[in-house]
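Data file: protein33.txt. Format and content: compact mmCIF, C-alpha atoms.
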```
# COMPACT_ATOMS: atom_id res chain seq x y z
CA MET A 69 -144.35 -12.60 -11.41
CA SER A 70 -147.12 -10.09 -11.90
CA GLY A 71 -148.68 -8.05 -9.14
CA GLU A 72 -151.97 -9.78 -9.81
CA THR A 73 -150.43 -13.20 -9.10
CA ILE A 74 -148.89 -11.98 -5.85
CA GLN A 75 -152.24 -10.56 -4.84
CA THR A 76 -153.97 -13.87 -5.62
CA ILE A 77 -151.43 -15.84 -3.57
CA PHE A 78 -151.69 -13.32 -0.76
CA LEU A 79 -155.47 -13.54 -0.68
CA GLY A 80 -155.29 -17.33 -0.89
CA VAL A 81 -152.93 -17.60 2.07
CA PHE A 82 -154.95 -15.18 4.18
CA SER A 83 -158.35 -16.28 2.90
CA GLY A 84 -159.39 -17.37 6.39
CA LEU A 85 -158.76 -13.92 7.76
CA THR A 86 -160.52 -12.15 4.93
CA SER A 87 -163.53 -14.45 5.21
CA LEU A 88 -164.06 -13.79 8.90
CA SER A 89 -167.48 -12.22 9.36
CA TRP A 90 -168.36 -10.02 12.36
CA GLN A 91 -170.78 -12.68 13.60
CA ALA A 92 -168.05 -15.30 13.57
CA ALA A 93 -165.69 -12.93 15.39
CA VAL A 94 -168.30 -12.31 18.11
CA MET A 95 -168.90 -16.05 18.47
CA ILE A 96 -165.17 -16.74 18.76
CA LEU A 97 -165.13 -14.17 21.54
CA ILE A 98 -168.10 -15.92 23.21
CA GLY A 99 -166.24 -19.24 22.87
CA LEU A 100 -163.22 -17.70 24.58
CA ILE A 101 -165.44 -16.35 27.38
CA LEU A 102 -166.95 -19.81 27.92
CA ILE A 103 -163.48 -21.33 28.10
CA TYR A 104 -162.39 -18.56 30.49
CA LEU A 105 -165.40 -19.17 32.76
CA GLY A 106 -164.74 -22.89 32.74
CA VAL A 107 -161.00 -22.70 33.34
CA LYS A 108 -160.61 -19.64 35.53
CA HIS A 109 -163.82 -19.77 37.56
CA GLU A 110 -164.53 -23.51 37.19
CA VAL A 111 -168.10 -22.84 36.02
CA GLU A 112 -169.27 -26.26 34.74
CA PRO A 113 -165.77 -26.77 33.23
CA LEU A 114 -166.51 -30.28 31.96
CA LEU A 115 -169.04 -28.77 29.60
CA LEU A 116 -168.15 -25.15 29.07
CA VAL A 117 -164.58 -25.95 27.98
CA PRO A 118 -165.55 -28.32 25.13
CA ILE A 119 -168.57 -26.13 24.24
CA GLY A 120 -166.33 -23.07 24.05
CA PHE A 121 -163.75 -24.91 21.97
CA GLY A 122 -166.42 -26.27 19.62
CA CYS A 123 -167.83 -22.76 19.27
CA ILE A 124 -164.42 -21.41 18.26
CA LEU A 125 -163.78 -24.25 15.81
CA VAL A 126 -167.10 -23.88 14.00
CA ASN A 127 -166.78 -20.12 13.64
CA LEU A 128 -163.27 -20.13 12.20
CA PRO A 129 -163.89 -19.58 8.50
CA LEU A 130 -163.37 -22.09 5.69
CA THR A 131 -162.74 -25.06 7.99
CA GLY A 132 -165.78 -27.00 6.82
CA ILE A 133 -165.67 -28.75 10.18
CA MET A 134 -169.47 -28.65 10.47
CA GLY A 135 -169.97 -28.99 6.71
CA GLU A 136 -171.33 -31.95 4.81
CA GLU A 137 -168.35 -34.18 5.58
CA GLY A 138 -166.89 -32.29 8.50
CA LEU A 139 -165.66 -34.02 11.65
CA LEU A 140 -168.11 -32.30 13.98
CA ARG A 141 -171.00 -32.93 11.59
CA TYR A 142 -170.35 -36.66 12.00
CA PHE A 143 -170.42 -36.30 15.80
CA TYR A 144 -173.59 -34.19 15.55
CA GLU A 145 -175.45 -36.62 13.32
CA ALA A 146 -174.27 -39.70 15.18
CA GLY A 147 -174.78 -38.43 18.70
CA ILE A 148 -177.25 -35.55 18.80
CA ILE A 149 -179.66 -36.21 15.94
CA THR A 150 -179.92 -39.84 17.03
CA GLU A 151 -180.21 -38.69 20.71
CA ILE A 152 -177.54 -41.20 21.70
CA PHE A 153 -175.35 -38.71 23.60
CA PRO A 154 -177.96 -37.43 26.08
CA CYS A 155 -179.12 -40.99 26.75
CA LEU A 156 -175.58 -42.23 27.40
CA ILE A 157 -175.03 -39.26 29.72
CA PHE A 158 -178.14 -40.32 31.61
CA ILE A 159 -176.69 -43.78 32.22
CA GLY A 160 -173.72 -42.06 33.82
CA ILE A 161 -175.90 -39.71 35.87
CA GLY A 162 -178.01 -42.63 37.07
CA ALA A 163 -174.90 -44.55 38.10
CA MET A 164 -173.65 -41.53 40.05
CA THR A 165 -176.94 -40.85 41.85
CA ASP A 166 -177.75 -42.15 45.30
CA PHE A 167 -181.50 -42.15 45.90
CA THR A 168 -181.19 -43.19 49.55
CA PRO A 169 -182.05 -39.74 51.02
CA LEU A 170 -185.16 -39.71 48.84
CA LEU A 171 -186.16 -43.23 49.86
CA GLN A 172 -185.77 -42.20 53.50
CA ASN A 173 -188.28 -39.41 53.08
CA PRO A 174 -190.57 -40.18 50.10
CA ARG A 175 -192.93 -37.24 50.58
CA VAL A 176 -190.28 -34.78 49.40
CA PHE A 177 -190.50 -36.42 45.98
CA LEU A 178 -193.43 -34.09 45.26
CA LEU A 179 -191.14 -31.09 45.61
CA GLY A 180 -189.17 -32.49 42.68
CA GLY A 181 -192.37 -32.16 40.66
CA ALA A 182 -193.12 -28.59 41.75
CA GLY A 183 -189.58 -27.72 40.72
CA GLN A 184 -190.65 -28.26 37.12
CA PHE A 185 -193.27 -25.50 37.15
CA GLY A 186 -190.82 -23.16 35.43
CA ILE A 187 -190.97 -25.37 32.33
CA PHE A 188 -194.65 -24.69 31.81
CA LEU A 189 -194.53 -21.05 32.90
CA THR A 190 -191.76 -20.42 30.38
CA LEU A 191 -193.62 -22.31 27.69
CA LEU A 192 -196.53 -19.88 28.10
CA LEU A 193 -194.19 -16.88 28.04
CA ALA A 194 -192.41 -18.20 24.95
CA LEU A 195 -195.76 -18.59 23.19
CA ALA A 196 -196.62 -15.02 24.16
CA LEU A 197 -193.32 -13.82 22.70
CA GLY A 198 -194.05 -15.41 19.34
CA PHE A 199 -192.16 -18.70 19.45
CA ASP A 200 -194.04 -21.45 17.66
CA ARG A 201 -195.40 -24.33 19.74
CA LEU A 202 -192.53 -26.76 19.46
CA GLU A 203 -189.98 -23.99 19.91
CA ALA A 204 -191.86 -22.87 23.03
CA VAL A 205 -191.71 -26.42 24.39
CA CYS A 206 -187.95 -26.50 23.82
CA VAL A 207 -187.43 -23.10 25.45
CA GLY A 208 -189.59 -24.19 28.37
CA ILE A 209 -187.53 -27.30 28.89
CA ILE A 210 -184.65 -25.10 30.10
CA GLY A 211 -186.76 -24.98 33.27
CA ALA A 212 -185.98 -28.65 33.78
CA CYS A 213 -182.52 -27.35 34.69
CA ASP A 214 -181.27 -30.51 33.09
CA GLY A 215 -178.83 -30.33 30.17
CA PRO A 216 -179.31 -33.80 28.63
CA THR A 217 -183.11 -33.50 28.80
CA SER A 218 -182.99 -30.09 27.12
CA ILE A 219 -180.75 -31.47 24.39
CA TYR A 220 -182.93 -34.55 23.92
CA VAL A 221 -186.15 -32.56 23.48
CA THR A 222 -184.66 -29.69 21.46
CA SER A 223 -182.76 -31.91 19.04
CA GLN A 224 -186.06 -33.59 18.21
CA PHE A 225 -188.39 -30.63 17.90
CA ALA A 226 -186.39 -27.46 17.29
CA PRO A 227 -182.83 -28.37 16.28
CA GLN A 228 -182.30 -24.79 15.11
CA LEU A 229 -182.46 -23.74 18.79
CA LEU A 230 -180.15 -26.47 20.06
CA GLY A 231 -177.16 -24.17 20.61
CA PRO A 232 -178.87 -21.41 22.62
CA VAL A 233 -181.12 -23.81 24.57
CA SER A 234 -178.27 -26.09 25.62
CA VAL A 235 -175.91 -23.26 26.50
CA ALA A 236 -178.69 -21.54 28.48
CA ALA A 237 -179.54 -24.80 30.29
CA TYR A 238 -175.96 -25.50 31.32
CA SER A 239 -175.21 -21.86 32.13
CA TYR A 240 -178.22 -21.51 34.41
CA MET A 241 -177.44 -24.82 36.10
CA SER A 242 -174.13 -23.32 37.12
CA LEU A 243 -175.79 -20.03 38.11
CA VAL A 244 -178.21 -21.69 40.55
CA PRO A 245 -176.21 -20.46 43.61
CA ILE A 246 -176.63 -16.89 42.31
CA ILE A 247 -180.22 -17.02 41.05
CA GLN A 248 -181.90 -18.94 43.87
CA PRO A 249 -180.92 -17.34 47.22
CA PRO A 250 -182.54 -13.90 46.67
CA LEU A 251 -185.76 -15.57 45.51
CA MET A 252 -185.69 -17.97 48.45
CA ARG A 253 -185.42 -15.06 50.87
CA LEU A 254 -188.09 -13.11 49.02
CA VAL A 255 -190.82 -15.75 49.29
CA THR A 256 -190.09 -17.11 52.77
CA SER A 257 -190.29 -15.49 56.19
CA LYS A 258 -187.39 -15.62 58.65
CA LYS A 259 -189.52 -17.85 60.87
CA GLU A 260 -189.84 -20.33 58.02
CA ARG A 261 -186.17 -20.22 57.11
CA ILE A 262 -184.98 -20.93 60.62
CA ARG A 263 -187.28 -23.92 61.02
CA ILE A 264 -185.22 -26.88 62.14
CA MET A 265 -186.32 -30.19 60.74
CA GLU A 266 -185.91 -33.41 62.56
CA PHE A 267 -182.20 -34.14 62.38
CA TYR A 268 -181.28 -36.47 59.57
CA ASP A 269 -181.19 -39.81 61.33
CA GLY A 270 -179.90 -41.91 58.47
CA LYS A 271 -182.58 -44.55 58.92
CA PRO A 272 -181.46 -47.51 56.83
CA VAL A 273 -182.93 -48.33 53.46
CA SER A 274 -182.54 -51.95 52.53
CA LYS A 275 -180.49 -52.98 49.54
CA THR A 276 -183.57 -54.72 48.15
CA VAL A 277 -185.49 -51.44 48.10
CA ARG A 278 -182.59 -49.64 46.44
CA ILE A 279 -182.44 -52.34 43.77
CA ILE A 280 -186.19 -52.45 43.12
CA PHE A 281 -186.59 -48.64 43.12
CA PRO A 282 -185.10 -47.92 39.66
CA VAL A 283 -187.02 -50.82 38.12
CA ALA A 284 -190.29 -49.68 39.71
CA VAL A 285 -189.76 -46.06 38.61
CA THR A 286 -188.99 -47.22 35.08
CA ILE A 287 -192.14 -49.31 34.83
CA VAL A 288 -194.52 -46.78 36.43
CA THR A 289 -193.26 -43.72 34.54
CA ILE A 290 -192.95 -45.39 31.15
CA LEU A 291 -196.44 -46.82 31.45
CA ILE A 292 -197.67 -43.25 31.96
CA ALA A 293 -195.37 -41.52 29.45
CA PRO A 294 -193.97 -44.07 26.98
CA LEU A 295 -192.19 -41.50 24.81
CA GLY A 296 -189.91 -40.70 27.72
CA ALA A 297 -188.58 -44.26 27.77
CA PRO A 298 -185.12 -43.39 26.37
CA LEU A 299 -184.62 -40.74 29.08
CA MET A 300 -186.08 -42.45 32.13
CA GLY A 301 -184.95 -45.88 30.98
CA THR A 302 -181.31 -44.89 30.70
CA LEU A 303 -181.32 -42.86 33.92
CA MET A 304 -182.75 -45.75 35.87
CA LEU A 305 -180.57 -48.32 34.08
CA GLY A 306 -177.52 -46.42 35.31
CA ASN A 307 -178.86 -46.41 38.85
CA PHE A 308 -179.71 -50.09 38.66
CA LEU A 309 -176.16 -50.91 37.53
CA LYS A 310 -174.90 -49.10 40.63
CA GLU A 311 -177.33 -50.62 43.11
CA CYS A 312 -177.52 -54.23 41.96
CA GLY A 313 -173.90 -54.70 43.00
CA VAL A 314 -173.00 -57.43 40.52
CA VAL A 315 -171.86 -55.33 37.57
CA GLU A 316 -169.39 -53.05 39.24
CA ARG A 317 -167.30 -52.77 36.08
CA LEU A 318 -170.29 -51.53 34.09
CA SER A 319 -171.28 -49.15 36.86
CA LYS A 320 -167.79 -47.68 37.03
CA ALA A 321 -167.58 -47.49 33.24
CA ALA A 322 -170.90 -45.62 33.16
CA GLN A 323 -169.72 -43.20 35.85
CA ASN A 324 -166.30 -42.61 34.37
CA GLU A 325 -165.27 -43.70 30.87
CA ILE A 326 -168.68 -43.50 29.19
CA ALA A 327 -169.74 -40.29 30.96
CA ASN A 328 -166.38 -38.64 30.27
CA VAL A 329 -166.13 -39.52 26.59
CA VAL A 330 -169.73 -38.59 25.89
CA THR A 331 -169.48 -35.35 27.88
CA LEU A 332 -166.49 -34.35 25.74
CA LEU A 333 -168.21 -35.17 22.46
CA LEU A 334 -171.52 -33.70 23.58
CA GLY A 335 -169.92 -30.42 24.64
CA LEU A 336 -167.87 -30.15 21.48
CA THR A 337 -170.88 -30.86 19.30
CA ILE A 338 -173.12 -28.41 21.14
CA GLY A 339 -170.41 -25.80 20.65
CA ALA A 340 -170.41 -26.67 16.97
CA THR A 341 -174.08 -25.70 16.70
CA MET A 342 -173.20 -22.16 17.79
CA ASN A 343 -172.68 -20.78 14.32
CA GLY A 344 -172.66 -16.98 14.45
CA GLU A 345 -175.26 -16.43 11.78
CA VAL A 346 -177.70 -18.80 13.52
CA PHE A 347 -176.82 -17.96 17.12
CA LEU A 348 -176.70 -14.17 17.11
CA THR A 349 -180.39 -13.44 16.87
CA THR A 350 -183.04 -11.80 19.03
CA LYS A 351 -184.42 -15.27 19.70
CA THR A 352 -181.20 -16.30 21.43
CA LEU A 353 -181.40 -13.28 23.71
CA LEU A 354 -185.04 -14.09 24.51
CA ILE A 355 -184.14 -17.71 25.21
CA PHE A 356 -181.57 -16.60 27.79
CA VAL A 357 -184.07 -14.24 29.47
CA LEU A 358 -186.75 -16.93 29.50
CA GLY A 359 -184.27 -19.46 30.87
CA ALA A 360 -183.63 -17.25 33.90
CA ILE A 361 -187.39 -16.86 34.44
CA ALA A 362 -187.76 -20.65 34.19
CA ILE A 363 -185.26 -21.31 36.98
CA GLY A 364 -186.91 -18.59 39.09
CA GLY A 365 -190.35 -20.16 38.48
CA ASP A 366 -189.04 -23.57 39.53
CA THR A 367 -187.61 -22.14 42.74
CA VAL A 368 -190.71 -20.23 43.78
CA ALA A 369 -193.11 -23.07 42.90
CA GLY A 370 -191.06 -25.56 44.91
CA ILE A 371 -191.10 -23.31 47.96
CA PHE A 372 -194.84 -22.70 47.70
CA LEU A 373 -195.58 -26.42 47.40
CA ALA A 374 -193.51 -26.97 50.55
CA LYS A 375 -195.65 -24.34 52.30
CA ILE A 376 -198.84 -26.01 51.08
CA MET A 377 -197.60 -29.41 52.26
CA ASN A 378 -197.02 -27.88 55.69
CA LEU A 379 -200.72 -27.05 55.88
CA PHE A 380 -201.57 -30.75 55.72
CA CYS A 381 -198.58 -32.55 57.22
CA LYS A 382 -197.96 -33.10 60.92
CA GLU A 383 -194.18 -32.92 60.56
CA LYS A 384 -193.44 -29.51 59.09
CA ILE A 385 -190.73 -29.14 56.51
CA ASN A 386 -188.50 -26.15 55.96
CA PRO A 387 -189.84 -24.43 52.80
CA LEU A 388 -186.29 -23.74 51.64
CA LEU A 389 -186.16 -27.40 50.68
CA GLY A 390 -188.66 -26.66 47.92
CA ALA A 391 -185.97 -24.74 46.06
CA ALA A 392 -183.89 -27.91 45.81
CA GLY A 393 -186.52 -29.63 43.68
CA ILE A 394 -184.70 -28.86 40.45
CA SER A 395 -182.34 -31.10 38.58
CA ALA A 396 -179.12 -29.16 39.20
CA PHE A 397 -177.43 -31.70 41.45
CA PRO A 398 -176.00 -31.16 43.99
CA MET A 399 -175.86 -27.38 43.68
CA ALA A 400 -179.51 -26.81 44.53
CA ALA A 401 -179.22 -28.96 47.68
CA ARG A 402 -176.13 -27.04 48.76
CA VAL A 403 -177.92 -23.73 48.20
CA ALA A 404 -180.81 -24.83 50.46
CA GLN A 405 -178.30 -25.85 53.13
CA THR A 406 -176.35 -22.60 52.81
CA VAL A 407 -179.37 -20.30 52.99
CA GLY A 408 -180.83 -22.29 55.90
CA SER A 409 -177.61 -22.29 57.89
CA GLN A 410 -177.05 -18.57 57.28
CA GLU A 411 -180.34 -17.91 59.10
CA ASN A 412 -179.74 -20.48 61.77
CA PRO A 413 -176.33 -22.14 62.17
CA GLN A 414 -178.05 -25.08 63.91
CA ASN A 415 -180.04 -25.77 60.78
CA TYR A 416 -178.86 -28.90 58.99
CA LEU A 417 -180.88 -29.26 55.80
CA LEU A 418 -178.34 -30.87 53.50
CA MET A 419 -179.45 -34.52 53.58
CA HIS A 420 -183.13 -33.57 53.36
CA ALA A 421 -182.26 -31.28 50.44
CA MET A 422 -180.30 -34.08 48.75
CA GLY A 423 -183.48 -36.16 48.81
CA VAL A 424 -185.45 -33.32 47.22
CA ASN A 425 -182.68 -32.71 44.69
CA THR A 426 -182.59 -36.33 43.52
CA GLY A 427 -186.38 -36.12 43.35
CA GLY A 428 -185.87 -33.12 41.08
CA GLN A 429 -183.65 -35.19 38.80
CA VAL A 430 -186.39 -37.77 38.34
CA GLY A 431 -189.01 -34.99 38.22
CA SER A 432 -187.30 -33.18 35.36
CA VAL A 433 -187.06 -36.31 33.23
CA LEU A 434 -190.62 -37.20 34.11
CA ALA A 435 -191.94 -33.73 33.26
CA ALA A 436 -190.19 -33.89 29.87
CA SER A 437 -191.60 -37.36 29.24
CA ILE A 438 -195.09 -36.20 30.14
CA MET A 439 -194.73 -33.16 27.89
CA LEU A 440 -193.93 -35.52 25.02
CA ALA A 441 -196.93 -37.69 25.91
CA VAL A 442 -199.27 -34.66 26.02
CA LEU A 443 -197.87 -33.32 22.73
CA LYS A 444 -198.44 -36.72 21.15
CA ALA A 445 -201.97 -36.88 22.55
CA MET A 446 -202.73 -33.42 21.11
CA GLY A 447 -201.38 -34.52 17.74
CA VAL A 448 -198.67 -31.83 17.79
CA ILE A 449 -195.93 -34.43 17.25
CA MET B 391 -207.12 -31.19 17.33
CA GLU B 392 -207.26 -27.47 16.48
CA LEU B 393 -206.11 -25.40 19.44
CA THR B 394 -205.19 -21.77 19.76
CA LYS B 395 -201.73 -21.15 21.18
CA TRP B 396 -203.24 -20.15 24.51
CA GLU B 397 -205.38 -23.27 24.69
CA PHE B 398 -202.26 -25.26 23.84
CA GLY B 399 -200.19 -23.55 26.53
CA PHE B 400 -202.90 -23.86 29.16
CA LEU B 401 -203.46 -27.55 28.42
CA MET B 402 -199.72 -28.20 28.57
CA LEU B 403 -199.57 -26.46 31.95
CA VAL B 404 -202.55 -28.31 33.41
CA PHE B 405 -201.78 -31.76 32.04
CA GLY B 406 -198.01 -31.41 32.28
CA MET B 407 -197.86 -30.27 35.89
CA GLY B 408 -200.88 -32.32 36.91
CA LEU B 409 -199.58 -35.59 35.52
CA THR B 410 -196.04 -34.93 36.78
CA LEU B 411 -197.24 -34.37 40.34
CA THR B 412 -199.72 -37.26 40.18
CA THR B 413 -197.05 -39.66 38.93
CA LEU B 414 -194.62 -38.54 41.62
CA TYR B 415 -197.36 -39.00 44.22
CA VAL B 416 -197.89 -42.55 42.96
CA LEU B 417 -194.14 -43.11 43.20
CA THR B 418 -194.05 -41.90 46.81
CA TRP B 419 -196.52 -44.67 47.61
CA VAL B 420 -194.48 -47.19 45.65
CA MET B 421 -191.48 -46.17 47.75
CA ARG B 422 -193.42 -46.38 51.01
CA ILE B 423 -194.72 -49.83 50.13
CA LEU B 424 -191.25 -51.04 49.12
CA THR B 425 -189.74 -49.70 52.32
CA PHE B 426 -192.51 -51.28 54.37
CA LEU B 427 -192.26 -54.65 52.62
CA PHE B 428 -188.51 -55.06 52.68
CA LYS B 429 -187.35 -53.35 55.87
CA GLU B 430 -188.25 -56.05 58.39
CA LYS B 431 -186.99 -58.89 56.27
CA GLU B 432 -183.61 -57.24 55.75
CA ASN B 433 -183.26 -56.56 59.46
CA SER B 434 -184.10 -60.12 60.36
CA ASP B 435 -181.63 -61.40 57.75
CA ALA B 436 -178.93 -59.26 59.27
CA ALA B 437 -179.84 -60.45 62.76
CA SER B 438 -179.78 -64.10 61.74
CA LYS B 439 -176.32 -63.68 60.22
CA THR B 440 -174.97 -62.21 63.44
```
Turn this file's structure into structure tokens for me.
Amino acid sequence: MSGETIQTIFLGVFSGLTSLSWQAAVMILIGLILIYLGVKHEVEPLLLVPIGFGCILVNLPLTGIMGEEGLLRYFYEAGIITEIFPCLIFIGIGAMTDFTPLLQNPRVFLLGGAGQFGIFLTLLLALALGFDRLEAVCVGIIGACDGPTSIYVTSQFAPQLLGPVSVAAYSYMSLVPIIQPPLMRLVTSKKERIRIMEFYDGKPVSKTVRIIFPVAVTIVTILIAPLGAPLMGTLMLGNFLKECGVVERLSKAAQNEIANVVTLLLGLTIGATMNGEVFLTTKTLLIFVLGAIAIGGDTVAGIFLAKIMNLFCKEKINPLLGAAGISAFPMAARVAQTVGSQENPQNYLLMHAMGVNTGGQVGSVLAASIMLAVLKAMGVI
Amino acid sequence: MELTKWEFGFLMLVFGMGLTLTTLYVLTWVMRILTFLFKEKENSDAASKT
């Protein structure tokens, strides 16, 4: 056997190793970090673990796993390109959400709208930084603080940004307890933070109202923003399954089996979009910076709207609640409770904040739907 | 419609935030009306059962 043959066999056996680019090596390291954060620190483990694993798989050379007939390509085309995964996730989220605290105090619904300001602020910043219009929309949508919505919008209009946008959205959702408190303290006075709201009295909301609510929201919002029908429709369908009380099996399936399977496939597929050569760019870095600004913008806008509402309302609300108007549920509500109780241990904001937080869930989907409607009206899509 | 990027961004901000808040405001009234319409009836149903 000649030396040349041995060399050929050697190179063939170790071809994976020799084909490993520096970008792929960095991405494998990032995948390992995501898995570490998920496993060791339990940072959004349901998503970061499959995303990290998908990231490693796609960056290992010569696997073809995201190639023309690769396994993850099939998942990607069947679930992400068709937008089926985010919509199925929304059925699960809807089935897990209890809108009762919101129905008990409807006025806080508006705070769920103000909590979307970061979307539009970031859109402007992204335009200023040279992103094209649809890319700017997709970067801005990180401000919805809502993973499935970000994936839904980005997969339609800027699929090349799907990896960084989704990872940024999910990462910042888990970083809400770190990002929000300093901003909340910065834009509120101690007097405002210690304000005790009327104790949550748990006034009953009838079953009829809870059943009609998702149907009414579906009709009103889709009449205003029809392109958001897949998002709002599935979110409210999930909630209707839970509240109507006659399809318990479907409700439980949506909350458990469907949500779990789709979360796994969604995470794995998002990880598979994190190819080193596409992911390691200046744009990715900018997207992460803009994502942080988006969450900050949401927080501050929510607090300021709460302050403005206090100018007109007889019953004053604690402005900290405004920070809970984002979609990160229930982290944002817990943060409002924690910051409020640190200032005043008698302060019990949690149930009020839960109402605002569920309002933020609807608000984020609504804001995305309205963005699509405005883009359509402008002829951009 | 030919828009500069700033016109585009500004219109998205105004219409996006404006319509989001307006729609949520409409929904708060839907919720108030629903709560008003169905609260008494539910209570009376519960009372009649007891």
Near-Ser395 (chain A) list (10 Å; all atoms listed in the file; drop same-chain fewer than 5 positions) as an mmCIF file with C-alpha atoms, in the coordinates of the input:
```
data_model
loop_
_atom_site.group_PDB
_atom_site.id
_atom_site.type_symbol
_atom_site.label_atom_id
_atom_site.label_comp_id
_atom_site.auth_asym_id
_atom_site.auth_seq_id
_atom_site.Cartn_x
_atom_site.Cartn_y
_atom_site.Cartn_z
ATOM 1 C CA GLY A 180 -189.170 -32.490 42.680
ATOM 2 C CA GLY A 183 -189.580 -27.720 40.720
ATOM 3 C CA GLN A 184 -190.650 -28.260 37.120
ATOM 4 C CA GLY A 211 -186.760 -24.980 33.270
ATOM 5 C CA ALA A 212 -185.980 -28.650 33.780
ATOM 6 C CA CYS A 213 -182.520 -27.350 34.690
ATOM 7 C CA ASP A 214 -181.270 -30.510 33.090
ATOM 8 C CA GLY A 215 -178.830 -30.330 30.170
ATOM 9 C CA MET A 241 -177.440 -24.820 36.100
ATOM 10 C CA ALA A 400 -179.510 -26.810 44.530
ATOM 11 C CA ALA A 401 -179.220 -28.960 47.680
ATOM 12 C CA VAL A 424 -185.450 -33.320 47.220
ATOM 13 C CA ASN A 425 -182.680 -32.710 44.690
ATOM 14 C CA THR A 426 -182.590 -36.330 43.520
ATOM 15 C CA GLY A 427 -186.380 -36.120 43.350
ATOM 16 C CA GLY A 428 -185.870 -33.120 41.080
ATOM 17 C CA GLN A 429 -183.650 -35.190 38.800
ATOM 18 C CA VAL A 430 -186.390 -37.770 38.340
ATOM 19 C CA GLY A 431 -189.010 -34.990 38.220
ATOM 20 C CA SER A 432 -187.300 -33.180 35.360
ATOM 21 C CA VAL A 433 -187.060 -36.310 33.230
#
```
_Expected answer as a list of chain:residue names: chain B residues within 6 Å of chain A, all atoms listed in the file_ = B:Gly399, B:Leu403, B:Gly406, B:Thr410, B:Leu411, B:Leu414, B:Thr418, B:Leu424
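Proximity ranking of A:Gln323, A:Asn415, A:Thr286, A:Gln405 relative to Leu417 (chain B) places A:Thr286 first, based on all atoms listed in the file.
Counting from CA of Leu401 (chain B), the distance to CA of Ile376 (chain A) is 23.2 Å.
The interatomic distance for the pair CA of Ala297 (chain A) and CA of Pro113 (chain A) works out to 29.3 Å.
Across the model, the gap from CA of Val416 (chain B) to CA of Phe167 (chain A) is 16.7 Å.
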*asked:* Residues within 12 Å of Thr349 (chain A), please, as a PyMOL selection string. Count all atoms listed in the file; anything in the same chain fewer than 4 positions from it doesn't count.
replied: chain A and resi 91+95+228-229+231-232+342-345+353-356
*Neighbours of Gly99 (chain A) within 7 Å (only C-alpha atoms; same-chain residues fewer than 4 positions away dropped), as number ranges by chain?*
A: 95, 103, 120-121, 123-124
What lies within 10 Å of Pro398 (chain A) using only C-alpha atoms, ignoring chain neighbours under 4 positions off, as a PDB file with C-alpha atoms, in the frame of the given file?
```pdb
ATOM      1  CA  THR A 165    -176.940 -40.850  41.850  1.00  0.00           C
ATOM      2  CA  ALA A 392    -183.890 -27.910  45.810  1.00  0.00           C
ATOM      3  CA  ILE A 394    -184.700 -28.860  40.450  1.00  0.00           C
ATOM      4  CA  ARG A 402    -176.130 -27.040  48.760  1.00  0.00           C
ATOM      5  CA  VAL A 403    -177.920 -23.730  48.200  1.00  0.00           C
ATOM      6  CA  LEU A 418    -178.340 -30.870  53.500  1.00  0.00           C
ATOM      7  CA  ALA A 421    -182.260 -31.280  50.440  1.00  0.00           C
ATOM      8  CA  MET A 422    -180.300 -34.080  48.750  1.00  0.00           C
ATOM      9  CA  ASN A 425    -182.680 -32.710  44.690  1.00  0.00           C
ATOM     10  CA  THR A 426    -182.590 -36.330  43.520  1.00  0.00           C
TER      11      THR A 426
END
```
Provide region 395-403 of chain A rebuilt to N, CA and C atoms, formatted as a JSON list (two decimals), in the coordinates of the input.
```json
[["chain", "number", "residue", "atom", "x", "y", "z"],
["A", 395, "SER", "N", -183.22, -30.00, 38.93],
["A", 395, "SER", "CA", -182.34, -31.10, 38.58],
["A", 395, "SER", "C", -180.85, -30.80, 38.78],
["A", 396, "ALA", "N", -180.54, -29.54, 39.06],
["A", 396, "ALA", "CA", -179.12, -29.16, 39.20],
["A", 396, "ALA", "C", -178.57, -29.80, 40.47],
["A", 397, "PHE", "N", -177.89, -30.90, 40.30],
["A", 397, "PHE", "CA", -177.43, -31.70, 41.45],
["A", 397, "PHE", "C", -175.90, -31.62, 41.55],
["A", 398, "PRO", "N", -175.34, -31.40, 42.71],
["A", 398, "PRO", "CA", -176.00, -31.16, 43.99],
["A", 398, "PRO", "C", -176.07, -29.69, 44.38],
["A", 399, "MET", "N", -175.92, -28.81, 43.36],
["A", 399, "MET", "CA", -175.86, -27.38, 43.68],
["A", 399, "MET", "C", -177.10, -26.91, 44.43],
["A", 400, "ALA", "N", -178.27, -27.32, 43.93],
["A", 400, "ALA", "CA", -179.51, -26.81, 44.53],
["A", 400, "ALA", "C", -179.63, -27.26, 45.99],
["A", 401, "ALA", "N", -179.18, -28.49, 46.28],
["A", 401, "ALA", "CA", -179.22, -28.96, 47.68],
["A", 401, "ALA", "C", -178.27, -28.13, 48.54],
["A", 402, "ARG", "N", -177.11, -27.84, 48.00],
["A", 402, "ARG", "CA", -176.13, -27.04, 48.76],
["A", 402, "ARG", "C", -176.66, -25.64, 49.02],
["A", 403, "VAL", "N", -177.37, -25.08, 48.02],
["A", 403, "VAL", "CA", -177.92, -23.73, 48.20],
["A", 403, "VAL", "C", -178.94, -23.73, 49.34]]
```
